[in-house]
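Structure record follows, encoded as structure tokens.
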Amino acid sequence: MTIKARSEFSYPEESPGFLLWQVSNLWQKLQRKALSQLNLTHVQFALLSGIGCLETQQGTVNQTDLSRHVGADVMMTSQVLRTLETKGLVKRHREPSDPRAFSLSLTEEGRSVTKKAVKIVENVDFAFFLKSLKNKEKLMSLLKELSS
């Protein structure tokens, strides 16, 4: 039995989902390449910068707040944090009030790497999204609307 798929689009390039997927893949490839010089993945960068941001905003950071802040799965966050701890970039401290919970902080090395990584990621973002784009504000507005 053959199932013939029907589509509203004559070509994949007419589908906004397909185009977004292609753009996302290309952007991720560029970020991976750029962050590799610091031996970081993009997820590791997101968690490091998330810890730095939350430390500034609220002082104490826990895994749940961090995963919510960066939009990552709690289990994946935990696994990646273990890797970052092994690399010496993050410290996890047991919470006295809940022995299952950890508070998080960047080590000095973690702060240094995060500062470098932020510059790298922002340079890639600028070159990829904004450098040659005429209507930057419209793109940012559309991305914010789609992500809300």
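Following the order of the structure tokens, chains are lettered A, B, ..., residues in each are numbered from 1, and ligands are numbered from 1.
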- Show which residues sit within 10 Å of A:Ser67, as a PyMOL selection string. Count only C-alpha atoms, and ignore same-chain residues fewer than 3 positions away. chain A and resi 46-47+50-51+62-64+70-78
Would you mind exporting the chosen residues as a tab-separated table (two decimals), in the first residue's frame, restricted to N, CA and C atoms?
chain	number	residue	atom	x	y	z
A	46	ALA	N	25.29	27.73	26.54
A	46	ALA	CA	24.00	28.25	27.02
A	46	ALA	C	23.89	28.10	28.54
A	47	LEU	N	24.33	26.96	29.06
A	47	LEU	CA	24.25	26.75	30.51
A	47	LEU	C	25.25	27.64	31.26
A	50	GLY	N	23.92	31.09	31.12
A	50	GLY	CA	22.72	31.12	31.96
A	50	GLY	C	23.06	31.22	33.43
A	51	ILE	N	24.07	30.46	33.87
A	51	ILE	CA	24.50	30.55	35.27
A	51	ILE	C	25.01	31.96	35.56
A	62	ASN	N	19.92	27.45	40.95
A	62	ASN	CA	19.75	26.00	41.04
A	62	ASN	C	19.46	25.43	39.65
A	63	GLN	N	19.54	24.11	39.54
A	63	GLN	CA	19.39	23.45	38.24
A	63	GLN	C	18.02	23.69	37.61
A	64	THR	N	16.98	23.71	38.42
A	64	THR	CA	15.63	23.93	37.89
A	64	THR	C	15.50	25.32	37.29
A	70	VAL	N	17.17	28.75	30.35
A	70	VAL	CA	17.72	28.52	29.01
A	70	VAL	C	16.78	27.70	28.12
A	71	GLY	N	15.68	27.20	28.69
A	71	GLY	CA	14.72	26.42	27.90
A	71	GLY	C	15.23	25.02	27.59
A	72	ALA	N	15.96	24.43	28.53
A	72	ALA	CA	16.51	23.09	28.33
A	72	ALA	C	15.82	22.08	29.24
A	73	ASP	N	15.82	20.84	28.82
A	73	ASP	CA	15.28	19.74	29.61
A	73	ASP	C	16.08	19.60	30.90
A	74	VAL	N	15.40	19.35	32.02
A	74	VAL	CA	16.05	19.25	33.33
A	74	VAL	C	17.08	18.13	33.35
A	75	MET	N	16.76	16.98	32.79
A	75	MET	CA	17.68	15.84	32.79
A	75	MET	C	18.92	16.14	31.96
A	76	MET	N	18.73	16.73	30.77
A	76	MET	CA	19.87	17.09	29.93
A	76	MET	C	20.73	18.13	30.64
A	77	THR	N	20.09	19.10	31.30
A	77	THR	CA	20.82	20.12	32.04
A	77	THR	C	21.73	19.46	33.08
A	78	SER	N	21.20	18.50	33.80
A	78	SER	CA	21.97	17.80	34.82
A	78	SER	C	23.18	17.09	34.22
- Apply DSSP to the backbone of this structure and, from chain A, keep only the residues in strand (DSSP E or B); write these as a ChimeraX atom specification. /A:61-62,90-95,98-106
Using only C-alpha atoms, I'd like a table of the residues in stretch 51-107 of chain A that come within 12 Å of stretch 113-125 of chain A; for each, show the closest atom pair and its distance in Å rounded to one decimal, ordered by chain and ascending number, as CSV.
residue,atom,partner,partner_atom,distance
A:Ile51,CA,A:Thr114,CA,9.7
A:Gly52,CA,A:Thr114,CA,8.1
A:Cys53,CA,A:Thr114,CA,10.7
A:Leu84,CA,A:Val113,CA,11.2
A:Lys87,CA,A:Val113,CA,11.0
A:Gly88,CA,A:Val113,CA,10.6
A:Leu89,CA,A:Val113,CA,7.9
A:Val90,CA,A:Thr114,CA,10.7
A:Leu106,CA,A:Thr114,CA,8.9
A:Thr107,CA,A:Val113,CA,9.7
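For the pair atom CA of A:Ser132 and atom CA of A:Trp27, the interatomic distance is 15.1 Å.
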- Message: Can you measure atom CA of A:Leu66 to atom CA of A:Leu38 for me? One decimal in Å is fine.
- Response: 21.6 Å
- Item | Contacts of A:Thr60 within 9 Å, only C-alpha atoms, excl. fewer than 3 positions in-chain, as a VMD selection string | chain A and resid 54 to 57 103 to 105
- Message: Using DSSP secondary structure from the backbone, list all helix (DSSP H, G or I) positions within chain A, as a PyMOL selection string.
- Response: chain A and resi 12-14+16-38+42-58+63-70+74-86+108-130+136-147
Save out the residues we just selected, C-alpha atoms, as a compact mmCIF listing (two decimals), in the first residue's frame.
# COMPACT_ATOMS: atom_id res chain seq x y z
CA PRO A 12 9.94 22.30 0.48
CA GLU A 13 11.45 25.79 0.11
CA GLU A 14 7.92 27.21 0.25
CA PRO A 16 8.28 28.19 6.59
CA GLY A 17 9.07 25.19 8.81
CA PHE A 18 11.51 23.77 6.28
CA LEU A 19 13.20 27.15 5.83
CA LEU A 20 13.45 27.68 9.59
CA TRP A 21 14.95 24.20 9.96
CA GLN A 22 17.55 24.96 7.26
CA VAL A 23 18.45 28.33 8.82
CA SER A 24 18.67 26.75 12.28
CA ASN A 25 20.95 23.95 11.04
CA LEU A 26 23.27 26.41 9.31
CA TRP A 27 23.41 28.69 12.37
CA GLN A 28 24.10 25.72 14.68
CA LYS A 29 26.90 24.52 12.40
CA LEU A 30 28.57 27.96 12.55
CA GLN A 31 28.16 28.16 16.34
CA ARG A 32 29.59 24.64 16.80
CA LYS A 33 32.62 25.50 14.69
CA ALA A 34 33.23 28.81 16.49
CA LEU A 35 32.79 27.38 20.00
CA SER A 36 35.02 24.39 19.27
CA GLN A 37 38.07 26.63 19.82
CA LEU A 38 37.01 26.77 23.49
CA HIS A 42 26.42 25.34 22.21
CA VAL A 43 24.41 23.71 25.01
CA GLN A 44 27.40 24.01 27.34
CA PHE A 45 27.71 27.67 26.38
CA ALA A 46 24.00 28.25 27.02
CA LEU A 47 24.25 26.75 30.51
CA LEU A 48 27.44 28.65 31.38
CA SER A 49 26.01 31.97 30.24
CA GLY A 50 22.72 31.12 31.96
CA ILE A 51 24.50 30.55 35.27
CA GLY A 52 26.37 33.83 34.86
CA CYS A 53 23.17 35.71 34.09
CA LEU A 54 21.19 34.18 36.95
CA GLU A 55 24.05 34.71 39.43
CA THR A 56 23.93 38.41 38.56
CA GLN A 57 20.12 38.60 38.74
CA GLN A 58 19.34 36.48 41.78
CA GLN A 63 19.39 23.45 38.24
CA THR A 64 15.63 23.93 37.89
CA ASP A 65 15.92 27.70 37.51
CA LEU A 66 18.78 27.26 35.05
CA SER A 67 16.96 24.75 32.86
CA ARG A 68 13.89 27.00 32.83
CA HIS A 69 16.00 30.08 32.04
CA VAL A 70 17.72 28.52 29.01
CA VAL A 74 16.05 19.25 33.33
CA MET A 75 17.68 15.84 32.79
CA MET A 76 19.87 17.09 29.93
CA THR A 77 20.82 20.12 32.04
CA SER A 78 21.97 17.80 34.82
CA GLN A 79 24.07 15.69 32.44
CA VAL A 80 25.72 18.70 30.79
CA LEU A 81 26.42 20.28 34.20
CA ARG A 82 28.32 17.13 35.19
CA THR A 83 30.49 17.57 32.10
CA LEU A 84 31.06 21.26 32.88
CA GLU A 85 31.96 20.34 36.45
CA THR A 86 34.48 17.76 35.18
CA GLU A 108 37.09 31.49 37.86
CA GLU A 109 37.98 29.45 34.78
CA GLY A 110 34.26 29.15 34.00
CA ARG A 111 33.88 32.94 34.14
CA SER A 112 36.86 33.44 31.87
CA VAL A 113 35.66 30.88 29.31
CA THR A 114 32.11 32.27 29.42
CA LYS A 115 33.32 35.82 28.70
CA LYS A 116 35.27 34.58 25.68
CA ALA A 117 32.37 32.41 24.52
CA VAL A 118 29.85 35.26 24.73
CA LYS A 119 32.00 37.33 22.36
CA ILE A 120 32.36 34.40 19.97
CA VAL A 121 28.62 33.62 19.93
CA GLU A 122 27.65 37.28 19.52
CA ASN A 123 30.09 37.65 16.61
CA VAL A 124 28.58 34.61 14.89
CA ASP A 125 25.07 35.94 15.53
CA PHE A 126 25.95 39.35 14.13
CA ALA A 127 27.63 37.93 11.03
CA PHE A 128 24.87 35.41 10.41
CA PHE A 129 21.72 37.38 11.16
CA LEU A 130 22.42 41.07 11.12
CA LYS A 136 17.24 44.02 11.55
CA GLU A 137 14.45 45.31 13.78
CA LYS A 138 11.81 43.42 11.80
CA LEU A 139 13.75 40.15 12.09
CA MET A 140 14.20 40.59 15.84
CA SER A 141 10.51 41.45 16.25
CA LEU A 142 9.41 38.38 14.28
CA LEU A 143 11.75 36.07 16.22
CA LYS A 144 10.47 37.42 19.53
CA GLU A 145 6.86 37.00 18.38
CA LEU A 146 7.48 33.41 17.26
CA SER A 147 9.27 32.47 20.48
